[in-house]
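Data block below; observations after.
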Amino acid sequence: MQRVTVLNAKGGCGKTTVATGLAAYLRQRGHVTALMDYDSQSSSLGWLSRRPDGAPPIYGVPATRPAGAGVTRSWRMRLPPDVERVVIDTPAAMDLLQLQELVASSDVLLLPILPSPMDIHAASRFIGDLLLRGQTRRHGCHIGVVANRVRANTVTYRSLRAFLDTLDIPFVATLRDSRGYLRACEAGLGLCEMGRLYTPGEQTEWERLARWLECCRETSAEIP
């Protein structure tokens with residue numbers, strides 16, 4: 001099983017868009033997939049509730065919902081034994097203990113970053129927290145960055161690329177600023193399931209992300 005946590009301390013960077021899109025993409029590729037929602041707004045679970053009949057099923061886990069009478073948290077958080085990929089959607093505000101727990105239980109950390117000076121500055125501080133206080137290297141977590149809501153050939157995008165080039169962290173995909181993602185979210189689908197809205201350019205970026213995740217999985221398997 002590979003656990004991919006989508007996180008960023010700054011709100012509005014598109015974590016749920018990336019998490020739901022990735023869950024749909026992995027399921028379409030044949031992986032039995034679970035989507036775990038740690039955000040109190042439950043946006044990922046809302047997306048799952050809108051998923052149409054006939055779409056490949058994705059298992060939902062309400063990680064913030066109270067367990068209820070006679071139900072333990074571990075029982076509520078359980079996963080079916082055949083699950084191969086787990087995508088975890090997280091809230092913007094996490095304390096240090098929550099951050100460390102997620103890092104310790106994750107194989108991959110995926111950071112969506114918007115191409116704006118404010119987001120780049122916030123990402124710089126958050127990445128520092130991940131490396132120092134989150135102890136990612138100690139736990140052997142892979143970290144990758146996804147540039148989100150990008151308009152190519154703009155000054156802000158070039159600034160983001162320049163910032164990422166200064167980091168020793170893979171830049172694994174670029175998702176463009178497209179209303180297709182909004183329409184997919186409203187329909188309970190991933191962009192990969194939206195027919196003509198899933199352009200060759202978008203397909204290339206999601207394939208890049210999937211290949212990187214597979215490389216992370218293979219590398220982790222080699223560690224005794």
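The way I read the labels, and the way they are meant: chains A, B, ... in the order of the structure tokens, residue 1 as the first residue of every chain, and ligand 1 as the first ligand shown, with later ones counted on from there.
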
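Residues lying within 10 Å of Leu111 in chain A, counting only C-alpha atoms and ignoring same-chain neighbours fewer than 2 positions away, are Thr5, Val6, Leu7, Asn8, Ala9, Cys13, Gly14, Lys15, Val18, Val108, Leu109, Ile113, Leu114, Ala123, Phe126, Ile127, Ile143, Gly144, Val145, Val146, Ala147, Asn148, Phe171 and Val172 of chain A.
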
Please provide the set of residues having any atom within 12 Å of Asp95 in chain A, restricted to only C-alpha atoms, with same-chain residues fewer than 3 positions apart removed, written as a ChimeraX atom specification.
/A:9,90-92,98-102,129-130,133-134

Step one, run DSSP on the backbone; step two, keep only residues of range 125-201 of chain A assigned to strand (DSSP E or B); then write them as a ChimeraX atom specification.
/A:142-150,171-176

Just write the chosen residues, C-alpha atoms, as a PDB file, in the first residue's frame.
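What landed in part19.pdb:
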ATOM      1  CA  HIS A 142       9.368  11.366  -0.404  1.00  0.00           C
ATOM      2  CA  ILE A 143       8.395  15.010  -1.033  1.00  0.00           C
ATOM      3  CA  GLY A 144       7.223  16.405  -4.352  1.00  0.00           C
ATOM      4  CA  VAL A 145       5.762  19.719  -5.507  1.00  0.00           C
ATOM      5  CA  VAL A 146       2.814  20.257  -7.849  1.00  0.00           C
ATOM      6  CA  ALA A 147       2.453  23.720  -9.388  1.00  0.00           C
ATOM      7  CA  ASN A 148      -1.286  24.349  -9.342  1.00  0.00           C
ATOM      8  CA  ARG A 149      -3.594  26.738 -11.261  1.00  0.00           C
ATOM      9  CA  VAL A 150      -0.770  27.750 -13.538  1.00  0.00           C
ATOM     10  CA  PHE A 171       8.906  19.372  -9.196  1.00  0.00           C
ATOM     11  CA  VAL A 172       6.628  16.609 -10.416  1.00  0.00           C
ATOM     12  CA  ALA A 173       3.716  18.196 -12.292  1.00  0.00           C
ATOM     13  CA  THR A 174       2.152  21.438 -13.509  1.00  0.00           C
ATOM     14  CA  LEU A 175      -1.639  21.713 -13.464  1.00  0.00           C
ATOM     15  CA  ARG A 176      -2.991  24.583 -15.497  1.00  0.00           C
TER      16      ARG A 176
END

Give me the residues of range 85-110 of chain A that have any atom at most 7 Å from an atom of range 31-50 of chain A; for each, the nearest atom pair and the distance in Å, rounded to one decimal. Use only C-alpha atoms, sort by chain and number, and format it as JSON lines.
{"residue": "A:Arg85", "atom": "CA", "partner": "A:Thr33", "partner_atom": "CA", "distance": 4.8}
{"residue": "A:Val86", "atom": "CA", "partner": "A:Ala34", "partner_atom": "CA", "distance": 4.8}
{"residue": "A:Val87", "atom": "CA", "partner": "A:Leu35", "partner_atom": "CA", "distance": 4.9}
{"residue": "A:Ile88", "atom": "CA", "partner": "A:Met36", "partner_atom": "CA", "distance": 4.7}
{"residue": "A:Asp89", "atom": "CA", "partner": "A:Asp37", "partner_atom": "CA", "distance": 5.0}
{"residue": "A:Thr90", "atom": "CA", "partner": "A:Tyr38", "partner_atom": "CA", "distance": 4.9}
{"residue": "A:Pro91", "atom": "CA", "partner": "A:Asp39", "partner_atom": "CA", "distance": 4.5}

Counting only C-alpha atoms, figure out which residue out of A:Thr156, A:Thr166, A:Thr219, A:Ser105 gets nearest to Ser124 in chain A.
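With only C-alpha atoms as the atom set, the closest residue is A:Thr166.
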
Between CA of Asp177 in chain A and CA of Pro115 in chain A, what is the distance in Å, rounded to a tenth?
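CA of Pro115 in chain A lies at a distance of 10.5 Å from CA of Asp177 in chain A.
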
Tell me, as a list in words, which residues lie within 12 Å of Arg29 in chain A, counting only C-alpha atoms; anything in the same chain fewer than 4 positions away does not count.
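That gives Leu22, Ala23, Ala24, Tyr25, Thr33, Pro56, Glu84, Arg85, Cys192, Glu193, Trp206, Glu207, Ala210 and Arg211 of chain A.
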
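Counting from CA of Ala19 in chain A, the distance to CA of Cys185 in chain A is 10.8 Å.
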
Taking the chain letters and numbering used in this document, name the residues of range 29-160 of chain A that DSSP puts in helix (DSSP H, G or I), as number ranges by chain.
A: 43-49, 73-76, 96-105, 117-132, 136-139, 155-160

Residue selection dump (C-alpha atoms) as a PDB file, in the first residue's frame:
ATOM      1  CA  SER A  43     -14.719  18.597   0.777  1.00  0.00           C
ATOM      2  CA  SER A  44     -13.202  15.341  -0.481  1.00  0.00           C
ATOM      3  CA  LEU A  45     -16.022  13.288   1.001  1.00  0.00           C
ATOM      4  CA  GLY A  46     -18.496  15.717  -0.556  1.00  0.00           C
ATOM      5  CA  TRP A  47     -16.829  15.058  -3.912  1.00  0.00           C
ATOM      6  CA  LEU A  48     -17.179  11.323  -3.325  1.00  0.00           C
ATOM      7  CA  SER A  49     -20.877  11.737  -2.503  1.00  0.00           C
ATOM      8  CA  ARG A  73     -11.559   5.604  15.874  1.00  0.00           C
ATOM      9  CA  SER A  74      -9.330   2.777  14.656  1.00  0.00           C
ATOM     10  CA  TRP A  75     -12.428   0.917  13.416  1.00  0.00           C
ATOM     11  CA  ARG A  76     -13.715   4.000  11.616  1.00  0.00           C
ATOM     12  CA  LEU A  96       3.080  20.126  15.104  1.00  0.00           C
ATOM     13  CA  LEU A  97       1.803  16.830  16.516  1.00  0.00           C
ATOM     14  CA  GLN A  98      -0.667  16.376  13.646  1.00  0.00           C
ATOM     15  CA  LEU A  99       2.048  17.194  11.121  1.00  0.00           C
ATOM     16  CA  GLN A 100       4.470  14.696  12.635  1.00  0.00           C
ATOM     17  CA  GLU A 101       1.807  11.979  12.806  1.00  0.00           C
ATOM     18  CA  LEU A 102       0.911  12.443   9.135  1.00  0.00           C
ATOM     19  CA  VAL A 103       4.554  12.439   8.089  1.00  0.00           C
ATOM     20  CA  ALA A 104       5.230   9.272  10.094  1.00  0.00           C
ATOM     21  CA  SER A 105       2.306   7.447   8.460  1.00  0.00           C
ATOM     22  CA  PRO A 117       4.610  35.681  -4.300  1.00  0.00           C
ATOM     23  CA  MET A 118       2.500  35.125  -1.158  1.00  0.00           C
ATOM     24  CA  ASP A 119       2.132  31.405  -1.829  1.00  0.00           C
ATOM     25  CA  ILE A 120       5.811  30.981  -2.687  1.00  0.00           C
ATOM     26  CA  HIS A 121       6.820  32.689   0.565  1.00  0.00           C
ATOM     27  CA  ALA A 122       4.393  30.553   2.599  1.00  0.00           C
ATOM     28  CA  ALA A 123       5.594  27.390   0.852  1.00  0.00           C
ATOM     29  CA  SER A 124       9.213  28.213   1.673  1.00  0.00           C
ATOM     30  CA  ARG A 125       8.423  28.378   5.381  1.00  0.00           C
ATOM     31  CA  PHE A 126       6.241  25.258   5.287  1.00  0.00           C
ATOM     32  CA  ILE A 127       8.869  23.198   3.490  1.00  0.00           C
ATOM     33  CA  GLY A 128      11.361  24.254   6.156  1.00  0.00           C
ATOM     34  CA  ASP A 129       8.946  23.047   8.833  1.00  0.00           C
ATOM     35  CA  LEU A 130       8.505  19.730   7.029  1.00  0.00           C
ATOM     36  CA  LEU A 131      12.227  19.124   6.781  1.00  0.00           C
ATOM     37  CA  LEU A 132      13.152  20.283  10.286  1.00  0.00           C
ATOM     38  CA  THR A 136      10.567  13.850   6.888  1.00  0.00           C
ATOM     39  CA  ARG A 137      14.055  12.518   6.236  1.00  0.00           C
ATOM     40  CA  ARG A 138      13.998  10.523   9.448  1.00  0.00           C
ATOM     41  CA  HIS A 139      10.802   8.788   8.337  1.00  0.00           C
ATOM     42  CA  VAL A 155       6.034  36.188 -14.668  1.00  0.00           C
ATOM     43  CA  THR A 156       4.503  34.515 -11.609  1.00  0.00           C
ATOM     44  CA  TYR A 157       5.007  31.040 -13.085  1.00  0.00           C
ATOM     45  CA  ARG A 158       8.629  31.815 -13.901  1.00  0.00           C
ATOM     46  CA  SER A 159       9.086  33.020 -10.317  1.00  0.00           C
ATOM     47  CA  LEU A 160       7.677  29.757  -9.019  1.00  0.00           C
TER      48      LEU A 160
END

Between CA of Leu197 in chain A and CA of Arg217 in chain A, what is the spacing in Å?
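Interatomic distance, CA of Arg217 in chain A to CA of Leu197 in chain A: 29.5 Å.
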
Polymer residues at most 9 Å from Tyr181 in chain A, only C-alpha atoms, same-chain spacing of 2 or more positions, as a list in words:
Thr17, Gly21, Asp177, Ser178, Arg179, Arg183, Ala184, Cys185, Glu186, Gly190, Leu191 and Leu197 of chain A
